[in-house]
$ cat upload.pdb   # PDB, C-alpha atoms
ATOM      1  CA  MET A   1      83.636 115.242  80.532
ATOM      2  CA  ASP A   2      86.934 114.357  78.880
ATOM      3  CA  LYS A   3      85.552 112.817  75.679
ATOM      4  CA  ARG A   4      88.957 111.561  74.571
ATOM      5  CA  LEU A   5      89.318 109.616  77.792
ATOM      6  CA  ALA A   6      85.765 108.303  77.494
ATOM      7  CA  ARG A   7      86.406 107.158  73.927
ATOM      8  CA  LYS A   8      89.696 105.583  74.967
ATOM      9  CA  ASN A   9      88.046 103.680  77.825
ATOM     10  CA  ILE A  10      85.234 102.393  75.635
ATOM     11  CA  ARG A  11      87.540 101.541  72.731
ATOM     12  CA  THR A  12      89.845  99.680  75.128
ATOM     13  CA  ALA A  13      86.921  97.746  76.589
ATOM     14  CA  LEU A  14      85.666  96.770  73.133
ATOM     15  CA  VAL A  15      89.115  95.634  72.013
ATOM     16  CA  VAL A  16      89.539  93.601  75.215
ATOM     17  CA  SER A  17      86.073  92.102  74.695
ATOM     18  CA  LEU A  18      87.141  90.944  71.231
ATOM     19  CA  ILE A  19      90.429  89.582  72.526
ATOM     20  CA  MET A  20      88.613  87.724  75.306
ATOM     21  CA  LEU A  21      86.204  86.244  72.762
ATOM     22  CA  ILE A  22      89.212  84.891  70.884
ATOM     23  CA  VAL A  23      90.747  83.595  74.137
ATOM     24  CA  PHE A  24      87.491  81.839  75.077
ATOM     25  CA  ALA A  25      87.164  80.388  71.575
ATOM     26  CA  LEU A  26      90.730  79.059  71.722
ATOM     27  CA  THR A  27      90.051  77.663  75.214
ATOM     28  CA  TRP A  28      86.930  75.958  73.892
ATOM     29  CA  VAL A  29      88.847  74.457  70.960
ATOM     30  CA  ALA A  30      91.684  73.310  73.242
ATOM     31  CA  ALA A  31      89.191  71.631  75.569
ATOM     32  CA  LEU A  32      87.490  69.996  72.568
ATOM     33  CA  VAL A  33      90.794  68.649  71.250
ATOM     34  CA  TYR A  34      91.780  67.406  74.723
ATOM     35  CA  THR A  35      88.560  65.480  75.230
ATOM     36  CA  ALA A  36      88.371  64.131  71.653
TER      37      ALA A  36
ATOM     38  CA  MET B  37     105.703  78.717 137.475
ATOM     39  CA  THR B  38     106.746  75.570 135.570
ATOM     40  CA  HIS B  39     103.152  74.336 135.615
ATOM     41  CA  THR B  40     101.958  77.633 134.217
ATOM     42  CA  THR B  41     104.543  77.523 131.433
ATOM     43  CA  ALA B  42     103.705  73.901 130.585
ATOM     44  CA  ALA B  43     100.005  74.703 130.408
ATOM     45  CA  ALA B  44     100.586  77.787 128.294
ATOM     46  CA  ALA B  45     102.760  76.032 125.695
ATOM     47  CA  PRO B  46      99.978  74.093 123.900
ATOM     48  CA  ALA B  47      97.740  77.156 123.965
ATOM     49  CA  LEU B  48     100.555  79.208 122.433
ATOM     50  CA  ALA B  49     101.179  76.588 119.746
ATOM     51  CA  HIS B  50      97.447  76.425 119.023
ATOM     52  CA  SER B  51      97.310  80.194 118.732
ATOM     53  CA  ARG B  52     100.253  80.184 116.289
ATOM     54  CA  VAL B  53      98.647  77.512 114.128
ATOM     55  CA  ARG B  54      95.452  79.554 114.026
ATOM     56  CA  GLN B  55      97.416  82.681 113.047
ATOM     57  CA  VAL B  56      99.230  80.840 110.242
ATOM     58  CA  ALA B  57      95.946  79.379 108.978
ATOM     59  CA  ALA B  58      94.310  82.815 109.124
ATOM     60  CA  ASP B  59      97.228  84.350 107.214
ATOM     61  CA  TYR B  60      97.080  81.786 104.403
ATOM     62  CA  PHE B  61      93.309  82.191 104.264
ATOM     63  CA  THR B  62      93.825  85.960 103.956
ATOM     64  CA  LEU B  63      96.187  85.378 101.015
ATOM     65  CA  THR B  64      93.215  83.955  99.073
ATOM     66  CA  LYS B  65      91.323  87.284  99.418
ATOM     67  CA  PRO B  66      88.127  85.718 100.814
ATOM     68  CA  LYS B  67      86.110  88.960 100.708
ATOM     69  CA  VAL B  68      86.687  89.338  96.971
ATOM     70  CA  GLN B  69      85.955  85.648  96.491
ATOM     71  CA  SER B  70      82.450  85.812  97.921
ATOM     72  CA  LEU B  71      81.086  87.837  94.992
ATOM     73  CA  LEU B  72      83.029  85.759  92.451
ATOM     74  CA  LEU B  73      81.491  82.601  93.891
ATOM     75  CA  LEU B  74      78.027  84.149  93.923
ATOM     76  CA  THR B  75      78.273  84.924  90.206
ATOM     77  CA  THR B  76      79.481  81.350  89.621
ATOM     78  CA  VAL B  77      76.652  79.720  91.598
ATOM     79  CA  THR B  78      73.880  81.894  90.169
ATOM     80  CA  THR B  79      75.186  81.357  86.627
ATOM     81  CA  MET B  80      75.087  77.590  87.193
ATOM     82  CA  TYR B  81      71.381  77.831  88.054
ATOM     83  CA  VAL B  82      70.775  79.998  84.998
ATOM     84  CA  ALA B  83      72.548  77.427  82.827
ATOM     85  CA  GLY B  84      70.641  74.429  84.193
ATOM     86  CA  ASP B  85      69.935  72.414  87.301
ATOM     87  CA  PRO B  86      73.311  71.419  88.751
ATOM     88  CA  SER B  87      73.697  68.761  91.434
ATOM     89  CA  LEU B  88      74.995  69.854  94.816
ATOM     90  CA  GLY B  89      78.163  67.854  94.163
ATOM     91  CA  LEU B  90      78.849  69.687  90.886
ATOM     92  CA  LEU B  91      78.069  72.984  92.573
ATOM     93  CA  ALA B  92      80.499  72.275  95.430
ATOM     94  CA  LEU B  93      83.307  71.046  93.162
ATOM     95  CA  THR B  94      82.961  73.996  90.786
ATOM     96  CA  CYS B  95      82.957  76.464  93.666
ATOM     97  CA  LEU B  96      85.978  74.778  95.234
ATOM     98  CA  GLY B  97      87.835  74.853  91.907
ATOM     99  CA  GLY B  98      86.892  78.487  91.391
ATOM    100  CA  TYR B  99      87.940  79.353  94.919
ATOM    101  CA  LEU B 100      91.323  77.668  94.492
ATOM    102  CA  SER B 101      91.963  79.456  91.199
ATOM    103  CA  ALA B 102      90.940  82.929  92.383
ATOM    104  CA  GLY B 103      92.603  82.297  95.752
ATOM    105  CA  GLY B 104      95.819  81.360  93.976
ATOM    106  CA  ALA B 105      95.635  84.566  91.958
ATOM    107  CA  GLY B 106      95.088  86.511  95.181
ATOM    108  CA  ALA B 107      98.121  84.907  96.828
ATOM    109  CA  VAL B 108     100.360  85.694  93.843
ATOM    110  CA  ASN B 109      98.982  89.241  93.913
ATOM    111  CA  HIS B 110     100.006  89.478  97.598
ATOM    112  CA  PHE B 111     103.484  88.314  96.584
ATOM    113  CA  TRP B 112     103.820  90.705  93.645
ATOM    114  CA  ASP B 113     102.450  93.801  95.382
ATOM    115  CA  ARG B 114     104.284  93.336  98.690
ATOM    116  CA  ASP B 115     106.413  96.448  98.109
ATOM    117  CA  ILE B 116     103.484  98.827  97.642
ATOM    118  CA  ASP B 117     101.307  96.988 100.190
ATOM    119  CA  ALA B 118     103.945  97.779 102.833
ATOM    120  CA  GLN B 119     103.571 101.509 102.120
ATOM    121  CA  MET B 120      99.783 101.713 102.314
ATOM    122  CA  ALA B 121      97.993 101.807 105.675
ATOM    123  CA  ARG B 122      95.117  99.673 104.346
ATOM    124  CA  THR B 123      97.423  96.842 103.287
ATOM    125  CA  ALA B 124     100.515  97.169 105.518
ATOM    126  CA  SER B 125      99.251  94.507 107.932
ATOM    127  CA  ARG B 126      98.760  91.907 105.190
ATOM    128  CA  PRO B 127     100.633  88.634 105.811
ATOM    129  CA  VAL B 128     103.525  89.258 103.375
ATOM    130  CA  PRO B 129     104.414  92.941 104.024
ATOM    131  CA  SER B 130     104.073  92.362 107.782
ATOM    132  CA  GLY B 131     106.562  89.488 107.555
ATOM    133  CA  ARG B 132     104.270  86.746 108.871
ATOM    134  CA  VAL B 133     104.407  84.902 105.516
ATOM    135  CA  SER B 134     107.528  84.962 103.364
ATOM    136  CA  PRO B 135     107.208  86.164  99.732
ATOM    137  CA  ARG B 136     108.409  82.801  98.439
ATOM    138  CA  ALA B 137     105.820  80.956 100.554
ATOM    139  CA  ALA B 138     103.027  83.213  99.266
ATOM    140  CA  LEU B 139     104.111  82.671  95.647
ATOM    141  CA  THR B 140     104.426  78.905  96.090
ATOM    142  CA  PHE B 141     101.056  78.768  97.822
ATOM    143  CA  GLY B 142      99.408  80.723  94.997
ATOM    144  CA  LEU B 143     100.883  78.543  92.264
ATOM    145  CA  LEU B 144      99.933  75.365  94.146
ATOM    146  CA  LEU B 145      96.345  76.562  94.519
ATOM    147  CA  ALA B 146      96.133  77.330  90.795
ATOM    148  CA  ALA B 147      97.536  73.895  89.920
ATOM    149  CA  ALA B 148      95.131  72.235  92.372
ATOM    150  CA  SER B 149      92.233  74.145  90.828
ATOM    151  CA  PHE B 150      93.134  73.010  87.313
ATOM    152  CA  ALA B 151      93.568  69.390  88.414
ATOM    153  CA  LEU B 152      90.350  69.348  90.451
ATOM    154  CA  LEU B 153      88.199  70.940  87.749
ATOM    155  CA  THR B 154      89.719  68.763  85.013
ATOM    156  CA  LEU B 155      89.210  65.528  86.936
ATOM    157  CA  THR B 156      85.804  66.221  88.469
ATOM    158  CA  VAL B 157      84.050  68.848  86.290
ATOM    159  CA  ASN B 158      85.423  69.282  82.761
ATOM    160  CA  VAL B 159      88.471  70.558  80.888
ATOM    161  CA  LEU B 160      86.704  73.652  79.581
ATOM    162  CA  ALA B 161      85.789  74.864  83.092
ATOM    163  CA  ALA B 162      89.346  74.106  84.234
ATOM    164  CA  SER B 163      90.883  75.983  81.295
ATOM    165  CA  LEU B 164      88.617  78.990  81.776
ATOM    166  CA  ALA B 165      89.492  79.172  85.477
ATOM    167  CA  LEU B 166      93.165  78.952  84.515
ATOM    168  CA  SER B 167      92.726  81.777  81.988
ATOM    169  CA  GLY B 168      91.220  83.913  84.760
ATOM    170  CA  PHE B 169      94.205  83.139  86.992
ATOM    171  CA  LEU B 170      96.731  83.961  84.261
ATOM    172  CA  GLY B 171      94.855  87.140  83.298
ATOM    173  CA  TYR B 172      94.732  88.429  86.860
ATOM    174  CA  VAL B 173      98.352  87.573  87.652
ATOM    175  CA  PHE B 174     100.181  88.436  84.446
ATOM    176  CA  VAL B 175      97.936  90.921  82.622
ATOM    177  CA  TYR B 176      96.473  92.903  85.534
ATOM    178  CA  THR B 177      98.872  92.543  88.486
ATOM    179  CA  ALA B 178     102.253  92.272  86.771
ATOM    180  CA  TRP B 179     101.642  94.381  83.672
ATOM    181  CA  LEU B 180      98.774  96.868  83.777
ATOM    182  CA  LYS B 181      98.199  97.825  87.405
ATOM    183  CA  ARG B 182     101.287 100.013  87.704
ATOM    184  CA  THR B 183     101.497 101.214  84.115
ATOM    185  CA  THR B 184      98.153 102.560  82.892
ATOM    186  CA  PRO B 185      94.926 104.173  84.175
ATOM    187  CA  GLN B 186      93.159 101.668  81.895
ATOM    188  CA  ASN B 187      94.296  98.894  84.276
ATOM    189  CA  ILE B 188      90.772  98.242  85.565
ATOM    190  CA  VAL B 189      89.100  98.620  82.168
ATOM    191  CA  ILE B 190      91.286  95.784  80.856
ATOM    192  CA  GLY B 191      92.023  93.808  84.025
ATOM    193  CA  GLY B 192      88.328  93.552  84.875
ATOM    194  CA  ALA B 193      88.148  90.765  82.295
ATOM    195  CA  ALA B 194      89.885  88.372  84.702
ATOM    196  CA  GLY B 195      87.262  88.945  87.391
ATOM    197  CA  ALA B 196      84.494  88.376  84.850
ATOM    198  CA  VAL B 197      85.552  84.793  84.088
ATOM    199  CA  PRO B 198      83.742  83.005  87.006
ATOM    200  CA  PRO B 199      80.307  83.070  85.292
ATOM    201  CA  LEU B 200      81.895  81.331  82.296
ATOM    202  CA  VAL B 201      83.390  78.672  84.579
ATOM    203  CA  GLY B 202      79.960  78.079  86.107
ATOM    204  CA  TRP B 203      78.282  77.908  82.715
ATOM    205  CA  ALA B 204      80.898  75.529  81.306
ATOM    206  CA  ALA B 205      80.612  73.323  84.402
ATOM    207  CA  VAL B 206      76.878  72.800  83.850
ATOM    208  CA  THR B 207      76.645  72.687  80.054
ATOM    209  CA  GLY B 208      80.135  71.612  78.998
ATOM    210  CA  GLY B 209      80.204  74.534  76.536
ATOM    211  CA  LEU B 210      79.718  78.268  76.119
ATOM    212  CA  ASP B 211      76.918  80.160  74.416
ATOM    213  CA  PRO B 212      75.878  83.797  73.867
ATOM    214  CA  THR B 213      74.121  84.004  77.253
ATOM    215  CA  ALA B 214      77.330  82.949  79.017
ATOM    216  CA  LEU B 215      79.309  85.545  77.093
ATOM    217  CA  TYR B 216      76.723  88.151  78.049
ATOM    218  CA  LEU B 217      77.140  87.351  81.730
ATOM    219  CA  PHE B 218      80.891  87.784  81.261
ATOM    220  CA  ALA B 219      80.277  91.155  79.573
ATOM    221  CA  ILE B 220      78.012  92.358  82.398
ATOM    222  CA  VAL B 221      80.677  91.706  85.054
ATOM    223  CA  PHE B 222      83.369  93.113  82.745
ATOM    224  CA  TYR B 223      81.511  96.424  82.248
ATOM    225  CA  TRP B 224      80.433  96.537  85.901
ATOM    226  CA  THR B 225      84.041  96.409  87.155
ATOM    227  CA  PRO B 226      85.254  99.954  86.227
ATOM    228  CA  PRO B 227      82.473 101.941  87.976
ATOM    229  CA  HIS B 228      82.714  99.551  90.923
ATOM    230  CA  PHE B 229      86.462  99.814  91.298
ATOM    231  CA  TRP B 230      86.755 103.496  90.431
ATOM    232  CA  ALA B 231      84.342 104.276  93.293
ATOM    233  CA  LEU B 232      86.634 102.303  95.594
ATOM    234  CA  SER B 233      89.763 103.956  94.208
ATOM    235  CA  LEU B 234      88.265 107.392  94.962
ATOM    236  CA  LEU B 235      88.435 106.348  98.612
ATOM    237  CA  MET B 236      92.060 105.223  98.326
ATOM    238  CA  LYS B 237      93.359 107.868  95.928
ATOM    239  CA  ASP B 238      95.983 109.285  98.280
ATOM    240  CA  GLU B 239      97.446 105.873  99.062
ATOM    241  CA  TYR B 240      97.584 104.893  95.398
ATOM    242  CA  ALA B 241      99.213 108.240  94.577
ATOM    243  CA  ARG B 242     101.846 107.733  97.283
ATOM    244  CA  VAL B 243     102.956 104.396  95.815
ATOM    245  CA  GLY B 244     102.653 105.527  92.190
ATOM    246  CA  VAL B 245      99.797 103.295  91.058
ATOM    247  CA  PRO B 246      98.034 105.203  88.233
ATOM    248  CA  MET B 247      94.450 104.476  89.172
ATOM    249  CA  MET B 248      91.966 106.723  87.376
ATOM    250  CA  PRO B 249      91.542 109.266  90.238
ATOM    251  CA  VAL B 250      95.342 109.568  90.515
ATOM    252  CA  ALA B 251      95.988 109.925  86.787
ATOM    253  CA  ARG B 252      92.925 111.944  85.751
ATOM    254  CA  GLY B 253      91.628 113.453  88.963
ATOM    255  CA  GLU B 254      88.566 112.793  91.089
ATOM    256  CA  VAL B 255      86.151 114.975  89.116
ATOM    257  CA  GLU B 256      86.926 113.226  85.820
ATOM    258  CA  THR B 257      86.749 109.815  87.489
ATOM    259  CA  ARG B 258      83.254 110.577  88.764
ATOM    260  CA  ARG B 259      82.190 111.569  85.248
ATOM    261  CA  GLN B 260      83.621 108.370  83.792
ATOM    262  CA  ILE B 261      81.739 106.398  86.468
ATOM    263  CA  VAL B 262      78.463 107.933  85.258
ATOM    264  CA  LEU B 263      79.279 107.174  81.616
ATOM    265  CA  TYR B 264      80.287 103.593  82.366
ATOM    266  CA  THR B 265      77.181 103.077  84.523
ATOM    267  CA  VAL B 266      74.985 104.177  81.597
ATOM    268  CA  LEU B 267      76.789 101.645  79.388
ATOM    269  CA  LEU B 268      76.334  98.969  82.035
ATOM    270  CA  VAL B 269      72.609  99.625  82.436
ATOM    271  CA  VAL B 270      72.047  99.460  78.667
ATOM    272  CA  LEU B 271      74.111  96.280  78.492
ATOM    273  CA  THR B 272      72.122  94.608  81.277
ATOM    274  CA  LEU B 273      68.844  95.311  79.475
ATOM    275  CA  LEU B 274      69.965  93.844  76.148
ATOM    276  CA  PRO B 275      69.626  90.178  77.266
ATOM    277  CA  PHE B 276      65.900  90.860  77.696
ATOM    278  CA  VAL B 277      65.735  92.442  74.229
ATOM    279  CA  PHE B 278      67.471  89.391  72.742
ATOM    280  CA  GLY B 279      65.138  86.993  74.562
ATOM    281  CA  MET B 280      67.744  85.512  76.895
ATOM    282  CA  PHE B 281      65.740  86.553  79.976
ATOM    283  CA  GLY B 282      62.142  87.508  80.636
ATOM    284  CA  VAL B 283      60.127  90.350  82.118
ATOM    285  CA  LEU B 284      61.086  89.646  85.727
ATOM    286  CA  TYR B 285      64.773  90.046  84.925
ATOM    287  CA  ALA B 286      64.109  93.153  82.824
ATOM    288  CA  ALA B 287      62.118  94.786  85.640
ATOM    289  CA  VAL B 288      64.781  94.079  88.264
ATOM    290  CA  ALA B 289      67.631  95.079  85.923
ATOM    291  CA  GLY B 290      65.799  98.330  85.134
ATOM    292  CA  LEU B 291      65.169  99.156  88.783
ATOM    293  CA  LEU B 292      68.678  98.250  89.886
ATOM    294  CA  GLY B 293      70.175 100.086  86.938
ATOM    295  CA  GLY B 294      68.155 103.182  87.741
ATOM    296  CA  ALA B 295      69.323 103.055  91.342
ATOM    297  CA  PHE B 296      72.960 102.549  90.305
ATOM    298  CA  LEU B 297      72.728 105.461  87.890
ATOM    299  CA  TRP B 298      71.163 107.650  90.586
ATOM    300  CA  ARG B 299      74.052 106.785  92.918
ATOM    301  CA  ALA B 300      76.598 107.525  90.174
ATOM    302  CA  VAL B 301      75.046 110.913  89.359
ATOM    303  CA  ARG B 302      74.889 111.751  93.049
ATOM    304  CA  LEU B 303      78.565 110.835  93.347
ATOM    305  CA  GLN B 304      79.392 113.038  90.357
ATOM    306  CA  ARG B 305      77.831 116.037  92.096
ATOM    307  CA  SER B 306      79.466 115.366  95.437
ATOM    308  CA  ALA B 307      83.044 115.437  96.657
ATOM    309  CA  GLU B 308      82.092 113.498  99.787
ATOM    310  CA  ARG B 309      83.925 110.288 100.590
ATOM    311  CA  ARG B 310      80.652 109.015 102.002
ATOM    312  CA  ASP B 311      79.068 109.027  98.515
ATOM    313  CA  ALA B 312      82.021 107.162  97.014
ATOM    314  CA  LEU B 313      81.713 104.537  99.737
ATOM    315  CA  ARG B 314      77.956 104.224  99.199
ATOM    316  CA  THR B 315      78.415 103.864  95.441
ATOM    317  CA  TYR B 316      81.053 101.184  95.974
ATOM    318  CA  LEU B 317      78.861  99.266  98.440
ATOM    319  CA  PHE B 318      75.807  99.637  96.223
ATOM    320  CA  SER B 319      77.743  98.271  93.251
ATOM    321  CA  LEU B 320      78.424  95.077  95.218
ATOM    322  CA  ALA B 321      74.742  94.665  96.108
ATOM    323  CA  TYR B 322      73.801  95.563  92.533
ATOM    324  CA  LEU B 323      75.759  92.742  90.937
ATOM    325  CA  ALA B 324      74.611  90.188  93.505
ATOM    326  CA  ALA B 325      70.950  91.185  93.080
ATOM    327  CA  LEU B 326      71.205  91.252  89.286
ATOM    328  CA  PHE B 327      72.557  87.690  89.121
ATOM    329  CA  CYS B 328      69.949  86.499  91.652
ATOM    330  CA  ALA B 329      67.272  88.085  89.437
ATOM    331  CA  MET B 330      68.557  86.046  86.501
ATOM    332  CA  VAL B 331      68.113  82.849  88.516
ATOM    333  CA  ALA B 332      64.622  83.859  89.629
ATOM    334  CA  ASP B 333      63.697  84.698  86.045
ATOM    335  CA  VAL B 334      64.874  81.354  84.703
ATOM    336  CA  GLN B 335      63.768  79.103  87.563
ATOM    337  CA  LEU B 336      60.344  80.604  88.449
TER     338      LEU B 336
END

$ encode --input "upload.pdb" --output "structure tokens"
Amino acid sequence: MDKRLARKNIRTALVVSLIMLIVFALTWVAALVYTA
Amino acid sequence: MTHTTAAAAPALAHSRVRQVAADYFTLTKPKVQSLLLLTTVTTMYVAGDPSLGLLALTCLGGYLSAGGAGAVNHFWDRDIDAQMARTASRPVPSGRVSPRAALTFGLLLAAASFALLTLTVNVLAASLALSGFLGYVFVYTAWLKRTTPQNIVIGGAAGAVPPLVGWAAVTGGLDPTALYLFAIVFYWTPPHFWALSLLMKDEYARVGVPMMPVARGEVETRRQIVLYTVLLVVLTLLPFVFGMFGVLYAAVAGLLGGAFLWRAVRLQRSAERRDALRTYLFSLAYLAALFCAMVADVQL
């Protein structure tokens, strides 16, 4: 197995997971502000 | 002769209307939608006890959003679709729907989804559906698909949004369980799509799309499928460990995970297209069964 590729895939997925968490948090805040 | 022509005219017009309707329906990628909607519906029953009206409106909003993304994807990829046998007969590359019409249709569907969900469900569900649309169109289709083998690893996030829309529709918020459901679909996407891309490697190579089998070869792709499936199986068992779901879910997730892993290992040892197809088809059944198990666990 190409361990570099495996690490890159997993690292990418983790980074995207974090980014998506931020996106969802911002979406949640935007929805909160809109409905307030 | 005149009578025959007069009688045939309405039938011809009817046939054309049906063809146009079928083409616009195809633009929404209905086959892809079915699994997205299943994850939405099952998540709604995990989150609570939604009314049929809420269920229908959320599904319609989700369908419009994902359908809009599909239509824009048809517009954007029309050049490579025309060169691949699997996609050459799609409405845009075949000339039955103009590129501008497909783009307009997609944007209108996305706008209709946002308006519908905002007015009848809630702003959070509408915004999440919109984020899925934007992610699929701009991040996956326009940016990543043709530039990196990590396209699916990253772009899978857009397809993992529907459970969040369903959760937000029922509860009006998001919580760790909802985020976990997102993560499960997100980590399920690479092994699912890589199995499919093994079947279409030659076509992707011809049009220069760097899917994993094209960029790294089939053998390495099969290995990465096994690795990602292990990650997925571990991830699906963690909600039980954290008390989000009970024993029923854990048992089904374990059995399904074991079967998925067995399929992945079998695929790794085989160069047969048949095994790639079986792994791809199993991955579809896997996700559907896993989400149904969540509902059974919560509702029974």

$ interface_residues --input "upload.pdb" --of "chain A" --to "chain B" --cutoff "7 Å" --atoms "all atoms listed in the file" --output "PyMOL selection string"
chain A and resi 1+6+9+13+16+27-28+31

$ atom_distance --input "upload.pdb" --atom1 "CA of Ala307 in chain B" --atom2 "CA of Glu254 in chain B"
8.3 Å

$ atom_distance --input "upload.pdb" --atom1 "CA of Trp224 in chain B" --atom2 "CA of Asp211 in chain B"
20.3 Å

$ residues_around --input "upload.pdb" --residues "Leu232 in chain B" --least-positions-apart "3" --cutoff "7 Å" --atoms "all atoms listed in the file" --output "PyMOL selection string"
chain B and resi 228-229+235-236+312-313+316

$ atom_distance --input "upload.pdb" --atom1 "CA of Ala205 in chain B" --atom2 "CA of Leu100 in chain B"
15.3 Å

$ residues_near_point --input "upload.pdb" --point "(103.5, 98.6, 98.1)" --cutoff "12 Å" --atoms "only C-alpha atoms" --output "PyMOL selection string"
chain B and resi 109-126+128-130+181-182+239-245

$ resolve_selection --input "upload.pdb" --expression "the PyMOL selection byres ((chain B and resi 91) around 10)" --output "list in words"
Thr76, Val77, Met80, Tyr81, Asp85, Pro86, Ser87, Leu88, Gly89, Leu90, Ala92, Leu93, Thr94, Cys95, Leu96, Gly97, Val157, Gly202, Ala205 and Val206 of chain B

$ closest_residue --input "upload.pdb" --among "B:Ala251, B:Asp238, B:Val175, B:Ala58" --to "Leu5 in chain A" --atoms "only C-alpha atoms"
B:Ala251

$ residues_around --input "upload.pdb" --residues "Phe296 in chain B" --least-positions-apart "3" --cutoff "9 Å" --atoms "all atoms listed in the file" --output "ChimeraX atom specification"
/B:265,269,291-293,299-301,315,318-319,322

$ residues_around --input "upload.pdb" --residues "Ile220 in chain B" --least-positions-apart "3" --cutoff "7 Å" --atoms "all atoms listed in the file" --output "PDB file with C-alpha atoms, keeping the file's coordinate frame"
ATOM      1  CA  TYR B 216      76.723  88.151  78.049  1.00  0.00           C
ATOM      2  CA  LEU B 217      77.140  87.351  81.730  1.00  0.00           C
ATOM      3  CA  TYR B 223      81.511  96.424  82.248  1.00  0.00           C
ATOM      4  CA  TRP B 224      80.433  96.537  85.901  1.00  0.00           C
ATOM      5  CA  LEU B 268      76.334  98.969  82.035  1.00  0.00           C
ATOM      6  CA  LEU B 271      74.111  96.280  78.492  1.00  0.00           C
ATOM      7  CA  THR B 272      72.122  94.608  81.277  1.00  0.00           C
TER       8      THR B 272
END

$ closest_residue --input "upload.pdb" --among "B:Ala165, B:Met248, B:Leu323, B:Ile261" --to "Arg302 in chain B" --atoms "all atoms listed in the file"
B:Ile261

$ closest_residue --input "upload.pdb" --among "B:Ala295, B:Leu48, B:Leu317, B:Met280" --to "Val334 in chain B" --atoms "all atoms listed in the file"
B:Met280

$ decode --input "upload.pdb" --residues "chain A" --atoms "C-alpha atoms" --output "mmCIF file, in the first residue's frame"
data_model
loop_
_atom_site.group_PDB
_atom_site.id
_atom_site.type_symbol
_atom_site.label_atom_id
_atom_site.label_comp_id
_atom_site.auth_asym_id
_atom_site.auth_seq_id
_atom_site.Cartn_x
_atom_site.Cartn_y
_atom_site.Cartn_z
ATOM 1 C CA MET A 1 0.000 0.000 0.000
ATOM 2 C CA ASP A 2 1.162 3.521 -0.802
ATOM 3 C CA LYS A 3 1.304 4.879 2.757
ATOM 4 C CA ARG A 4 1.908 8.439 1.591
ATOM 5 C CA LEU A 5 -1.277 8.343 -0.441
ATOM 6 C CA ALA A 6 -3.174 6.769 2.450
ATOM 7 C CA ARG A 7 -1.937 9.464 4.828
ATOM 8 C CA LYS A 8 -2.791 12.161 2.301
ATOM 9 C CA ASN A 9 -6.327 10.816 1.848
ATOM 10 C CA ILE A 10 -6.954 10.591 5.579
ATOM 11 C CA ARG A 11 -5.367 13.971 6.311
ATOM 12 C CA THR A 12 -7.474 15.539 3.550
ATOM 13 C CA ALA A 13 -10.638 13.961 4.936
ATOM 14 C CA LEU A 14 -9.877 15.202 8.451
ATOM 15 C CA VAL A 15 -9.160 18.729 7.235
ATOM 16 C CA VAL A 16 -12.386 18.736 5.196
ATOM 17 C CA SER A 17 -14.281 17.427 8.233
ATOM 18 C CA LEU A 18 -12.987 20.378 10.258
ATOM 19 C CA ILE A 19 -13.815 22.838 7.499
ATOM 20 C CA MET A 20 -17.320 21.388 7.200
ATOM 21 C CA LEU A 21 -17.788 21.709 10.962
ATOM 22 C CA ILE A 22 -16.954 25.396 10.627
ATOM 23 C CA VAL A 23 -19.308 25.728 7.633
ATOM 24 C CA PHE A 24 -22.143 24.054 9.563
ATOM 25 C CA ALA A 25 -21.462 26.225 12.612
ATOM 26 C CA LEU A 26 -21.555 29.374 10.472
ATOM 27 C CA THR A 27 -24.758 28.127 8.803
ATOM 28 C CA TRP A 28 -26.278 27.534 12.228
ATOM 29 C CA VAL A 29 -25.298 31.026 13.399
ATOM 30 C CA ALA A 30 -26.627 32.610 10.189
ATOM 31 C CA ALA A 31 -29.940 30.794 10.615
ATOM 32 C CA LEU A 32 -30.075 31.897 14.268
ATOM 33 C CA VAL A 33 -29.457 35.533 13.340
ATOM 34 C CA TYR A 34 -32.048 35.357 10.541
ATOM 35 C CA THR A 35 -34.769 34.000 12.795
ATOM 36 C CA ALA A 36 -33.928 36.242 15.781
#
